[in-house]
file final_20.csv (CSV, C-alpha atoms (C1' of nucleotides))
chain,number,residue,atom,x,y,z
V,1,MET,CA,-26.3,-94.4,-47.3
V,2,PRO,CA,-28.7,-92.3,-45.3
V,3,GLU,CA,-29.4,-89.0,-47.0
V,4,LEU,CA,-31.9,-86.4,-45.8
V,5,PRO,CA,-35.0,-88.4,-46.8
V,6,GLU,CA,-33.7,-91.4,-44.8
V,7,VAL,CA,-32.9,-89.3,-41.8
V,8,GLU,CA,-36.4,-87.7,-42.0
V,9,THR,CA,-38.0,-91.1,-42.3
V,10,THR,CA,-36.0,-92.2,-39.3
V,11,ARG,CA,-37.1,-89.2,-37.3
V,12,ARG,CA,-40.8,-89.7,-38.2
V,13,GLY,CA,-40.6,-93.4,-37.5
V,14,LEU,CA,-39.0,-93.1,-34.1
V,15,ALA,CA,-40.6,-90.0,-32.6
V,16,PRO,CA,-44.0,-91.5,-31.6
V,17,HIS,CA,-42.3,-94.5,-29.9
V,18,ILE,CA,-39.7,-92.6,-27.9
V,19,LEU,CA,-41.0,-89.2,-27.0
V,20,GLY,CA,-42.4,-89.0,-23.5
V,21,ARG,CA,-40.3,-92.0,-22.5
V,22,CYS,CA,-37.4,-92.0,-20.0
V,23,ILE,CA,-33.9,-93.2,-20.6
V,24,GLU,CA,-33.2,-95.8,-18.0
V,25,SER,CA,-29.7,-96.7,-18.9
V,26,VAL,CA,-27.1,-96.2,-21.6
V,27,GLN,CA,-24.5,-98.6,-23.0
V,28,VAL,CA,-21.7,-97.4,-25.2
V,29,ARG,CA,-19.9,-100.5,-26.6
V,30,GLU,CA,-17.8,-98.6,-29.2
V,31,PRO,CA,-17.0,-94.9,-28.7
V,32,ARG,CA,-14.7,-94.6,-31.7
V,33,LEU,CA,-17.1,-93.0,-34.2
V,34,ARG,CA,-16.4,-89.9,-36.4
V,35,TYR,CA,-15.8,-88.1,-33.1
V,36,PRO,CA,-15.4,-90.0,-29.8
V,37,VAL,CA,-18.6,-90.6,-28.0
V,38,PRO,CA,-18.4,-88.6,-24.8
V,39,PRO,CA,-17.2,-90.8,-21.9
V,40,ASP,CA,-19.8,-89.3,-19.6
V,41,LEU,CA,-22.7,-89.8,-22.0
V,42,ALA,CA,-24.5,-92.3,-19.8
V,43,ALA,CA,-24.3,-89.9,-16.8
V,44,ARG,CA,-25.8,-87.1,-18.8
V,45,LEU,CA,-28.7,-89.1,-20.2
V,46,GLU,CA,-29.8,-91.6,-17.6
V,47,GLY,CA,-33.0,-90.7,-15.9
V,48,SER,CA,-33.8,-88.1,-18.5
V,49,LEU,CA,-37.1,-87.6,-20.4
V,50,LEU,CA,-37.1,-87.6,-24.2
V,51,VAL,CA,-38.8,-84.3,-25.0
V,52,ASP,CA,-38.4,-83.9,-28.8
V,53,LEU,CA,-36.7,-85.4,-31.9
V,54,GLN,CA,-35.7,-82.8,-34.5
V,55,ARG,CA,-33.8,-82.9,-37.7
V,56,ARG,CA,-31.4,-80.3,-39.0
V,57,GLY,CA,-29.9,-81.3,-42.4
V,58,LYS,CA,-28.8,-84.9,-41.8
V,59,TYR,CA,-28.3,-84.4,-38.1
V,60,LEU,CA,-30.9,-85.6,-35.6
V,61,LEU,CA,-31.3,-83.8,-32.3
V,62,LEU,CA,-32.8,-85.8,-29.4
V,63,GLU,CA,-33.8,-83.3,-26.8
V,64,THR,CA,-33.8,-83.9,-23.0
V,65,PRO,CA,-34.4,-81.3,-20.3
V,66,ARG,CA,-30.6,-81.3,-19.7
V,67,GLY,CA,-29.4,-81.0,-23.2
V,68,ASN,CA,-29.5,-82.5,-26.7
V,69,LEU,CA,-28.1,-85.7,-28.1
V,70,LEU,CA,-26.7,-85.0,-31.5
V,71,LEU,CA,-26.8,-87.9,-33.9
V,72,HIS,CA,-25.5,-88.3,-37.4
V,73,LEU,CA,-25.8,-91.6,-39.3
V,74,GLY,CA,-22.8,-91.0,-41.5
V,75,MET,CA,-22.6,-93.4,-44.4
V,76,SER,CA,-23.8,-96.6,-42.9
V,77,GLY,CA,-25.6,-95.7,-39.7
V,78,SER,CA,-29.1,-96.5,-38.6
V,79,LEU,CA,-31.3,-96.2,-35.5
V,80,LYS,CA,-33.8,-98.8,-34.6
V,81,LEU,CA,-36.0,-99.9,-31.8
V,82,VAL,CA,-35.4,-103.4,-30.4
V,83,PRO,CA,-36.9,-105.2,-27.4
V,84,ALA,CA,-34.9,-104.6,-24.2
V,85,GLY,CA,-32.2,-107.2,-23.7
V,86,GLN,CA,-31.9,-108.2,-27.3
V,87,ALA,CA,-28.3,-109.2,-27.9
V,88,PRO,CA,-26.2,-106.6,-29.8
V,89,GLY,CA,-24.6,-107.3,-33.1
V,90,LYS,CA,-21.1,-106.5,-34.1
V,91,HIS,CA,-21.8,-102.9,-35.1
V,92,ASP,CA,-24.4,-101.9,-32.6
V,93,HIS,CA,-22.4,-99.3,-30.8
V,94,VAL,CA,-24.8,-97.4,-28.6
V,95,ASP,CA,-28.0,-98.4,-26.8
V,96,LEU,CA,-30.5,-96.2,-25.0
V,97,VAL,CA,-32.7,-98.4,-22.8
V,98,LEU,CA,-36.1,-96.8,-22.5
V,99,SER,CA,-38.8,-97.0,-19.9
V,100,SER,CA,-41.2,-98.4,-22.5
V,101,GLY,CA,-39.3,-101.7,-22.6
V,102,LEU,CA,-37.7,-100.9,-26.0
V,103,THR,CA,-34.1,-100.0,-26.6
V,104,LEU,CA,-33.1,-97.3,-29.1
V,105,ARG,CA,-30.1,-98.8,-30.8
V,106,TYR,CA,-27.5,-97.0,-32.9
V,107,THR,CA,-25.7,-99.1,-35.5
V,108,ASP,CA,-22.9,-98.0,-37.8
V,109,PRO,CA,-20.5,-100.5,-39.5
V,110,ARG,CA,-18.3,-97.8,-41.0
V,111,ARG,CA,-18.3,-95.5,-38.0
V,112,PHE,CA,-18.6,-92.4,-40.0
V,113,GLY,CA,-21.5,-91.2,-37.9
V,114,MET,CA,-21.5,-89.5,-34.6
V,115,VAL,CA,-23.2,-89.4,-31.2
V,116,LEU,CA,-22.4,-86.2,-29.3
V,117,TRP,CA,-23.8,-84.3,-26.3
V,118,ILE,CA,-24.7,-80.6,-26.5
V,119,GLU,CA,-25.6,-78.4,-23.6
V,120,GLY,CA,-27.2,-75.0,-24.4
V,121,ASP,CA,-28.6,-73.9,-27.7
V,122,PRO,CA,-27.7,-76.7,-30.2
V,123,MET,CA,-28.0,-74.4,-33.2
V,124,ARG,CA,-24.9,-72.5,-31.8
V,125,HIS,CA,-22.9,-75.7,-31.8
V,126,ALA,CA,-19.9,-75.6,-34.2
V,127,LEU,CA,-21.3,-78.4,-36.3
V,128,LEU,CA,-24.7,-76.7,-36.8
V,129,GLU,CA,-24.3,-73.0,-36.7
V,130,HIS,CA,-22.9,-72.5,-40.2
V,131,LEU,CA,-25.4,-74.8,-41.9
V,132,GLY,CA,-27.3,-73.4,-44.9
V,133,PRO,CA,-31.1,-73.4,-45.2
V,134,GLU,CA,-33.2,-76.6,-45.3
V,135,PRO,CA,-34.0,-77.6,-48.9
V,136,LEU,CA,-37.6,-78.0,-48.1
V,137,GLY,CA,-37.9,-74.7,-46.2
V,138,GLU,CA,-39.0,-71.3,-47.5
V,139,THR,CA,-35.7,-69.6,-47.4
V,140,PHE,CA,-34.2,-72.0,-49.9
V,141,ALA,CA,-35.2,-70.3,-53.2
V,142,ALA,CA,-33.8,-69.6,-56.6
V,143,ASP,CA,-32.9,-66.0,-55.8
V,144,TYR,CA,-30.8,-67.2,-52.8
V,145,LEU,CA,-28.9,-69.8,-54.8
V,146,TYR,CA,-28.4,-67.5,-57.7
V,147,ARG,CA,-27.1,-64.5,-55.7
V,148,ARG,CA,-24.8,-66.6,-53.5
V,149,SER,CA,-23.3,-68.4,-56.5
V,150,ARG,CA,-22.2,-65.3,-58.4
V,151,GLY,CA,-18.5,-65.4,-59.0
V,152,ARG,CA,-18.2,-68.9,-57.8
V,153,LYS,CA,-16.2,-71.1,-60.1
V,154,MET,CA,-16.8,-74.5,-58.5
V,155,PRO,CA,-18.9,-77.0,-60.4
V,156,VAL,CA,-22.6,-76.5,-59.6
V,157,LYS,CA,-22.8,-80.1,-58.3
V,158,SER,CA,-20.2,-79.3,-55.7
V,159,TYR,CA,-22.0,-76.0,-54.9
V,160,ILE,CA,-25.3,-77.7,-54.1
V,161,MET,CA,-23.6,-80.4,-52.0
V,162,ASP,CA,-21.9,-77.7,-49.8
V,163,SER,CA,-23.8,-77.8,-46.5
V,164,ARG,CA,-23.1,-74.1,-46.0
V,165,VAL,CA,-25.1,-73.4,-49.2
V,166,VAL,CA,-27.9,-75.9,-48.5
V,167,VAL,CA,-28.1,-78.9,-46.2
V,168,GLY,CA,-29.1,-82.4,-47.0
V,169,VAL,CA,-28.3,-82.7,-50.7
V,170,GLY,CA,-26.0,-85.7,-50.9
V,171,ASN,CA,-24.4,-87.3,-53.9
V,172,ILE,CA,-27.4,-89.4,-55.1
V,173,TYR,CA,-29.9,-86.5,-54.9
V,174,ALA,CA,-27.5,-84.0,-56.4
V,175,ASN,CA,-27.1,-86.3,-59.4
V,176,GLU,CA,-30.8,-86.8,-59.7
V,177,ALA,CA,-31.8,-83.1,-59.2
V,178,LEU,CA,-29.3,-81.9,-61.8
V,179,TYR,CA,-30.6,-84.4,-64.3
V,180,LEU,CA,-34.2,-83.3,-63.7
V,181,ALA,CA,-33.2,-79.6,-64.0
V,182,GLY,CA,-31.2,-80.3,-67.2
V,183,ILE,CA,-28.0,-78.7,-65.8
V,184,HIS,CA,-24.6,-80.2,-66.5
V,185,PRO,CA,-22.9,-81.1,-63.2
V,186,LEU,CA,-19.6,-79.5,-64.2
V,187,ARG,CA,-21.1,-76.2,-65.1
V,188,LYS,CA,-19.6,-73.4,-63.0
V,189,ALA,CA,-22.0,-72.4,-60.2
V,190,GLY,CA,-21.6,-68.8,-61.1
V,191,ARG,CA,-22.6,-69.5,-64.7
V,192,VAL,CA,-26.0,-70.9,-64.0
V,193,SER,CA,-28.9,-68.5,-64.7
V,194,ARG,CA,-31.6,-67.5,-62.2
V,195,ALA,CA,-34.2,-69.3,-64.3
V,196,ARG,CA,-32.2,-72.5,-64.2
V,197,TYR,CA,-31.6,-72.2,-60.5
V,198,ALA,CA,-35.4,-72.0,-60.2
V,199,ARG,CA,-35.6,-75.3,-62.0
V,200,LEU,CA,-32.9,-76.7,-59.8
V,201,VAL,CA,-34.7,-75.7,-56.5
V,202,ALA,CA,-37.8,-77.4,-57.8
V,203,ALA,CA,-35.9,-80.5,-58.8
V,204,ILE,CA,-34.2,-80.8,-55.4
V,205,ARG,CA,-37.5,-80.5,-53.6
V,206,GLU,CA,-39.1,-83.0,-55.9
V,207,VAL,CA,-36.5,-85.7,-55.5
V,208,LEU,CA,-36.3,-85.2,-51.7
V,209,LEU,CA,-40.1,-85.2,-51.2
V,210,ALA,CA,-40.5,-88.3,-53.5
V,211,ALA,CA,-37.9,-90.1,-51.5
V,212,ILE,CA,-39.5,-89.2,-48.2
V,213,ALA,CA,-42.9,-90.3,-49.5
V,214,GLN,CA,-41.4,-93.7,-50.4
V,215,GLY,CA,-39.5,-94.0,-47.1
V,216,GLY,CA,-42.8,-93.4,-45.4
V,217,THR,CA,-44.1,-96.6,-46.7
V,218,SER,CA,-41.6,-98.6,-44.6
V,219,LEU,CA,-42.1,-96.8,-41.3
V,220,ARG,CA,-43.4,-100.0,-39.7
V,221,ASP,CA,-39.8,-101.3,-40.1
V,222,PHE,CA,-38.7,-99.1,-37.3
V,223,VAL,CA,-40.2,-101.3,-34.6
V,224,GLY,CA,-38.8,-104.7,-34.3
V,225,GLY,CA,-37.7,-104.8,-37.9
V,226,ASP,CA,-34.4,-104.1,-39.6
V,227,GLY,CA,-34.8,-100.3,-39.2
V,228,ARG,CA,-33.8,-99.6,-42.7
V,229,PRO,CA,-36.0,-97.2,-44.7
V,230,GLY,CA,-36.6,-97.7,-48.4
V,231,TYR,CA,-33.7,-96.6,-50.5
V,232,PHE,CA,-35.6,-95.2,-53.4
V,233,ARG,CA,-33.5,-97.2,-55.8
V,234,GLN,CA,-36.1,-98.0,-58.3
V,235,SER,CA,-36.8,-94.3,-58.9
V,236,LEU,CA,-33.3,-93.2,-59.7
V,237,ARG,CA,-32.9,-91.7,-63.2
V,238,VAL,CA,-29.1,-91.4,-63.4
V,239,TYR,CA,-27.3,-92.5,-60.2
V,240,GLY,CA,-25.9,-96.0,-60.6
V,241,ARG,CA,-27.0,-96.1,-64.2
V,242,ALA,CA,-23.8,-95.2,-66.1
V,243,GLY,CA,-23.8,-96.6,-69.6
V,244,GLU,CA,-27.5,-97.2,-69.5
V,245,THR,CA,-30.0,-95.3,-71.5
V,246,CYS,CA,-31.2,-91.8,-70.7
V,247,ASP,CA,-35.0,-91.8,-70.2
V,248,GLY,CA,-35.2,-88.6,-72.2
V,249,CYS,CA,-33.0,-88.8,-75.3
V,250,GLU,CA,-32.2,-92.5,-75.1
V,251,GLY,CA,-28.5,-91.7,-75.4
V,252,PRO,CA,-26.0,-93.3,-73.0
V,253,LEU,CA,-25.5,-91.9,-69.5
V,254,ARG,CA,-21.9,-90.9,-68.8
V,255,GLU,CA,-20.0,-91.3,-65.5
V,256,ILE,CA,-17.2,-89.0,-64.3
V,257,ARG,CA,-15.5,-88.5,-60.9
V,258,LEU,CA,-16.1,-85.1,-59.3
V,259,GLY,CA,-14.3,-84.7,-56.0
V,260,GLN,CA,-14.0,-88.5,-55.7
V,261,ARG,CA,-17.8,-88.8,-56.0
V,262,SER,CA,-19.5,-90.8,-58.7
V,263,THR,CA,-21.2,-88.3,-61.0
V,264,VAL,CA,-23.6,-89.6,-63.7
V,265,TYR,CA,-25.3,-87.4,-66.2
V,266,CYS,CA,-26.7,-87.2,-69.7
V,267,PRO,CA,-24.3,-85.2,-72.0
V,268,ARG,CA,-27.2,-84.4,-74.3
V,269,CYS,CA,-29.9,-83.4,-71.9
V,270,GLN,CA,-27.7,-81.6,-69.3
V,271,ARG,CA,-26.0,-78.4,-70.3
E,272,DA,C1',-11.5,-66.5,-49.7
E,273,DC,C1',-11.9,-70.0,-52.6
E,274,DG,C1',-11.5,-74.7,-54.4
E,275,DA,C1',-9.5,-79.1,-54.4
E,276,DA,C1',-7.7,-82.9,-52.0
E,277,DG,C1',-7.2,-85.8,-47.9
E,278,DC,C1',-8.9,-88.4,-44.2
E,279,DC,C1',-11.8,-91.4,-41.3
E,280,DC,C1',-13.9,-96.7,-41.8
E,281,DT,C1',-15.8,-101.4,-43.2
E,282,DG,C1',-18.4,-104.3,-46.5
E,283,DC,C1',-18.5,-105.8,-50.7
E,284,DA,C1',-17.0,-106.9,-55.5
E,285,DA,C1',-13.6,-107.8,-58.7
E,286,DG,C1',-9.3,-109.7,-60.0
E,287,DC,C1',-5.5,-113.0,-59.7
R,288,DT,C1',-10.8,-121.1,-52.7
R,289,DG,C1',-8.5,-117.4,-50.6
R,290,DC,C1',-6.0,-113.8,-50.8
R,291,DT,C1',-5.3,-108.6,-52.4
R,292,DT,C1',-7.0,-104.5,-54.2
R,293,DG,C1',-10.2,-100.9,-55.2
R,294,DC,C1',-14.3,-98.6,-54.4
R,295,DA,C1',-18.3,-96.5,-52.0
R,296,DG,C1',-19.2,-91.8,-49.6
R,297,DG,C1',-20.6,-87.3,-45.6
R,298,DG,C1',-18.5,-83.9,-44.1
R,299,DC,C1',-14.8,-81.9,-41.5
R,300,DT,C1',-9.9,-80.6,-42.0
R,301,DT,C1',-5.9,-79.3,-44.4
R,302,DC,C1',-3.4,-77.7,-48.3
R,303,DG,C1',-2.4,-74.8,-52.2
call {"tool": "encode", "arguments": {"input": "final_20.csv", "output": "structure tokens"}}
result
Amino acid sequence: MPELPEVETTRRGLAPHILGRCIESVQVREPRLRYPVPPDLAARLEGSLLVDLQRRGKYLLLETPRGNLLLHLGMSGSLKLVPAGQAPGKHDHVDLVLSSGLTLRYTDPRRFGMVLWIEGDPMRHALLEHLGPEPLGETFAADYLYRRSRGRKMPVKSYIMDSRVVVGVGNIYANEALYLAGIHPLRKAGRVSRARYARLVAAIREVLLAAIAQGGTSLRDFVGGDGRPGYFRQSLRVYGRAGETCDGCEGPLREIRLGQRSTVYCPRCQR
DNA sequence: ACGAAGCCCTGCAAGC
DNA sequence: TGCTTGCAGGGCTTCG
């Protein structure tokens, strides 16, 4: 399940291999993703130079002189480079055949992801314009989280997973960051102090940066490999560990459902 | 305006 | 063994 670190790892892995290349042809085998792939995508892209690959939250923006390709990996999506002509698998929905002899292949078994075309300023696009700050950027700070949360009654975990508040904090990292910050996931967002938001900001950065650092070790997988970055599993402190022992107090970790998301925490260490 | 629930989808695991 | 059922979840959309 690609979260921000996996998307950033994908961006870094792909960029040096695709930028400066030209799109020779495009094949859309399955347009039924989260939103339909535009029927005229091939006409928009063919013959275009790939100028830049940027990330905004968990979205990737592949820039060409005529517009941007907006990509989201959803739950199960991935992008990889394969040799031109390699037979597609069942869930290989979109191919961009490049001038380099490699094909950029979009795969997504569950089809929660998206491949869209944007002309004009992509940051004005409906899907991007209301996104909150980047968690690794300067504007994401304790003061910001604190002020914006005043009066909010939703659980702090739901608050930090709201992409209008901050982008890129998915379920796994929300669980991990709240554990590191010692904050109970059900605590009302408006009842978290400024000092504890400072700890939370640091914790969110820490888990994301650690995951990116680990993902970076498998960058070679992006060419000819399976295209799957490391999933950071071995470092998880709470996620997927319900019933196991808390590293801090050695008590059992508890699991609840919050908004149909698995939520794991230590009832003793997190208040 | 806010917060919660619903929905999209397939692979996998558990249960019978 | 082969079915059915349930679960996983990002993020937009709808409902209350």
call {"tool": "interface_residues", "arguments": {"input": "final_20.csv", "of": "chain V", "to": "chain E", "cutoff": "7 Å", "atoms": "only C-alpha atoms (C1' of nucleotides)", "output": "list of chain:residue names"}}
result
V:Arg34, V:Pro109, V:Arg110, V:Arg111, V:Phe112, V:Met154
call {"tool": "atom_distance", "arguments": {"input": "final_20.csv", "atom1": "atom CA of Arg257 of chain V", "atom2": "atom C1' of DT291 of chain R"}}
result
24.1 Å
call {"tool": "atom_distance", "arguments": {"input": "final_20.csv", "atom1": "atom CA of Ala84 of chain V", "atom2": "atom CA of Val97 of chain V"}}
result
6.7 Å
call {"tool": "interface_residues", "arguments": {"input": "final_20.csv", "of": "chain V", "to": "chain R", "cutoff": "8 Å", "atoms": "all atoms listed in the file", "output": "PyMOL selection string"}}
result
chain V and resi 1+74-75+112+170+261
call {"tool": "atom_distance", "arguments": {"input": "final_20.csv", "atom1": "atom CA of Leu236 of chain V", "atom2": "atom CA of Gly77 of chain V"}}
result
21.6 Å
call {"tool": "closest_residue", "arguments": {"input": "final_20.csv", "among": "V:Glu206, V:Leu145, V:Val166, V:Ile212", "to": "Val192 of chain V", "atoms": "only C-alpha atoms"}}
result
V:Leu145
call {"tool": "closest_residue", "arguments": {"input": "final_20.csv", "among": "V:Asp143, V:Ile160, V:Arg150, V:Asn68", "to": "His125 of chain V", "atoms": "only C-alpha atoms"}}
result
V:Asn68
call {"tool": "residues_near_point", "arguments": {"input": "final_20.csv", "point": "(-32.6, -83.1, -49.1)", "cutoff": "7 Å", "atoms": "all atoms listed in the file", "output": "PyMOL selection string"}}
result
chain V and resi 4-5+135+167-169+204+208
call {"tool": "residues_around", "arguments": {"input": "final_20.csv", "residues": "Arg152 of chain V", "least_positions_apart": "2", "cutoff": "9 Å", "atoms": "only C-alpha atoms (C1' of nucleotides)", "output": "JSON, numbers by chain"}}
result
{"V": [148, 149, 150, 154, 155, 156, 159, 188, 189, 190, 191], "E": [273]}
call {"tool": "residues_near_point", "arguments": {"input": "final_20.csv", "point": "(-38.8, -91.3, -54.2)", "cutoff": "6 Å", "atoms": "only C-alpha atoms (C1' of nucleotides)", "output": "PDB file with C-alpha atoms, in the coordinates of the input"}}
result
ATOM      1  CA  ALA V 210     -40.500 -88.300 -53.500  1.00  0.00           C
ATOM      2  CA  ALA V 211     -37.900 -90.100 -51.500  1.00  0.00           C
ATOM      3  CA  GLN V 214     -41.400 -93.700 -50.400  1.00  0.00           C
ATOM      4  CA  PHE V 232     -35.600 -95.200 -53.400  1.00  0.00           C
ATOM      5  CA  SER V 235     -36.800 -94.300 -58.900  1.00  0.00           C
TER       6      SER V 235
END
call {"tool": "residues_around", "arguments": {"input": "final_20.csv", "residues": "Gly182 of chain V", "least_positions_apart": "2", "cutoff": "6 Å", "atoms": "only C-alpha atoms (C1' of nucleotides)", "output": "list in words"}}
result
Leu178, Tyr179, Leu180, Cys269 and Gln270 of chain V
call {"tool": "residues_around", "arguments": {"input": "final_20.csv", "residues": "Met114 of chain V", "least_positions_apart": "4", "cutoff": "7 Å", "atoms": "all atoms listed in the file", "output": "MDAnalysis selection string"}}
result
chainID V and resid 33:35 71:73
call {"tool": "build_atoms", "arguments": {"input": "final_20.csv", "residues": "segment 178-193 of chain V", "atoms": "N, CA and C atoms", "output": "PDB file, in the coordinates of the input"}}
result
ATOM      1  N   LEU V 178     -29.869 -82.537 -60.674  1.00  0.00           N
ATOM      2  CA  LEU V 178     -29.300 -81.900 -61.800  1.00  0.00           C
ATOM      3  C   LEU V 178     -29.792 -82.466 -63.135  1.00  0.00           C
ATOM      4  N   TYR V 179     -30.037 -83.754 -63.119  1.00  0.00           N
ATOM      5  CA  TYR V 179     -30.600 -84.400 -64.300  1.00  0.00           C
ATOM      6  C   TYR V 179     -32.016 -83.827 -64.571  1.00  0.00           C
ATOM      7  N   LEU V 180     -32.828 -83.787 -63.537  1.00  0.00           N
ATOM      8  CA  LEU V 180     -34.200 -83.300 -63.700  1.00  0.00           C
ATOM      9  C   LEU V 180     -34.215 -81.831 -64.158  1.00  0.00           C
ATOM     10  N   ALA V 181     -33.228 -81.059 -63.686  1.00  0.00           N
ATOM     11  CA  ALA V 181     -33.200 -79.600 -64.000  1.00  0.00           C
ATOM     12  C   ALA V 181     -32.468 -79.396 -65.368  1.00  0.00           C
ATOM     13  N   GLY V 182     -31.871 -80.423 -65.937  1.00  0.00           N
ATOM     14  CA  GLY V 182     -31.200 -80.300 -67.200  1.00  0.00           C
ATOM     15  C   GLY V 182     -29.892 -79.470 -67.128  1.00  0.00           C
ATOM     16  N   ILE V 183     -29.247 -79.527 -65.967  1.00  0.00           N
ATOM     17  CA  ILE V 183     -28.000 -78.700 -65.800  1.00  0.00           C
ATOM     18  C   ILE V 183     -26.822 -79.695 -65.692  1.00  0.00           C
ATOM     19  N   HIS V 184     -25.790 -79.388 -66.445  1.00  0.00           N
ATOM     20  CA  HIS V 184     -24.600 -80.200 -66.500  1.00  0.00           C
ATOM     21  C   HIS V 184     -23.846 -80.065 -65.122  1.00  0.00           C
ATOM     22  N   PRO V 185     -23.474 -81.194 -64.503  1.00  0.00           N
ATOM     23  CA  PRO V 185     -22.900 -81.100 -63.200  1.00  0.00           C
ATOM     24  C   PRO V 185     -21.575 -80.333 -63.085  1.00  0.00           C
ATOM     25  N   LEU V 186     -20.856 -80.247 -64.204  1.00  0.00           N
ATOM     26  CA  LEU V 186     -19.600 -79.500 -64.200  1.00  0.00           C
ATOM     27  C   LEU V 186     -19.719 -78.032 -64.470  1.00  0.00           C
ATOM     28  N   ARG V 187     -20.889 -77.601 -64.811  1.00  0.00           N
ATOM     29  CA  ARG V 187     -21.100 -76.200 -65.100  1.00  0.00           C
ATOM     30  C   ARG V 187     -20.686 -75.347 -63.869  1.00  0.00           C
ATOM     31  N   LYS V 188     -19.978 -74.257 -64.086  1.00  0.00           N
ATOM     32  CA  LYS V 188     -19.600 -73.400 -63.000  1.00  0.00           C
ATOM     33  C   LYS V 188     -20.828 -72.833 -62.282  1.00  0.00           C
ATOM     34  N   ALA V 189     -20.834 -72.877 -60.948  1.00  0.00           N
ATOM     35  CA  ALA V 189     -22.000 -72.400 -60.200  1.00  0.00           C
ATOM     36  C   ALA V 189     -22.370 -70.971 -60.569  1.00  0.00           C
ATOM     37  N   GLY V 190     -21.345 -70.158 -60.797  1.00  0.00           N
ATOM     38  CA  GLY V 190     -21.600 -68.800 -61.100  1.00  0.00           C
ATOM     39  C   GLY V 190     -22.067 -68.533 -62.548  1.00  0.00           C
ATOM     40  N   ARG V 191     -22.123 -69.599 -63.322  1.00  0.00           N
ATOM     41  CA  ARG V 191     -22.600 -69.500 -64.700  1.00  0.00           C
ATOM     42  C   ARG V 191     -23.921 -70.185 -64.930  1.00  0.00           C
ATOM     43  N   VAL V 192     -24.668 -70.345 -63.856  1.00  0.00           N
ATOM     44  CA  VAL V 192     -26.000 -70.900 -64.000  1.00  0.00           C
ATOM     45  C   VAL V 192     -27.000 -69.727 -63.791  1.00  0.00           C
ATOM     46  N   SER V 193     -27.948 -69.616 -64.711  1.00  0.00           N
ATOM     47  CA  SER V 193     -28.900 -68.500 -64.700  1.00  0.00           C
ATOM     48  C   SER V 193     -29.886 -68.600 -63.545  1.00  0.00           C
TER      49      SER V 193
END
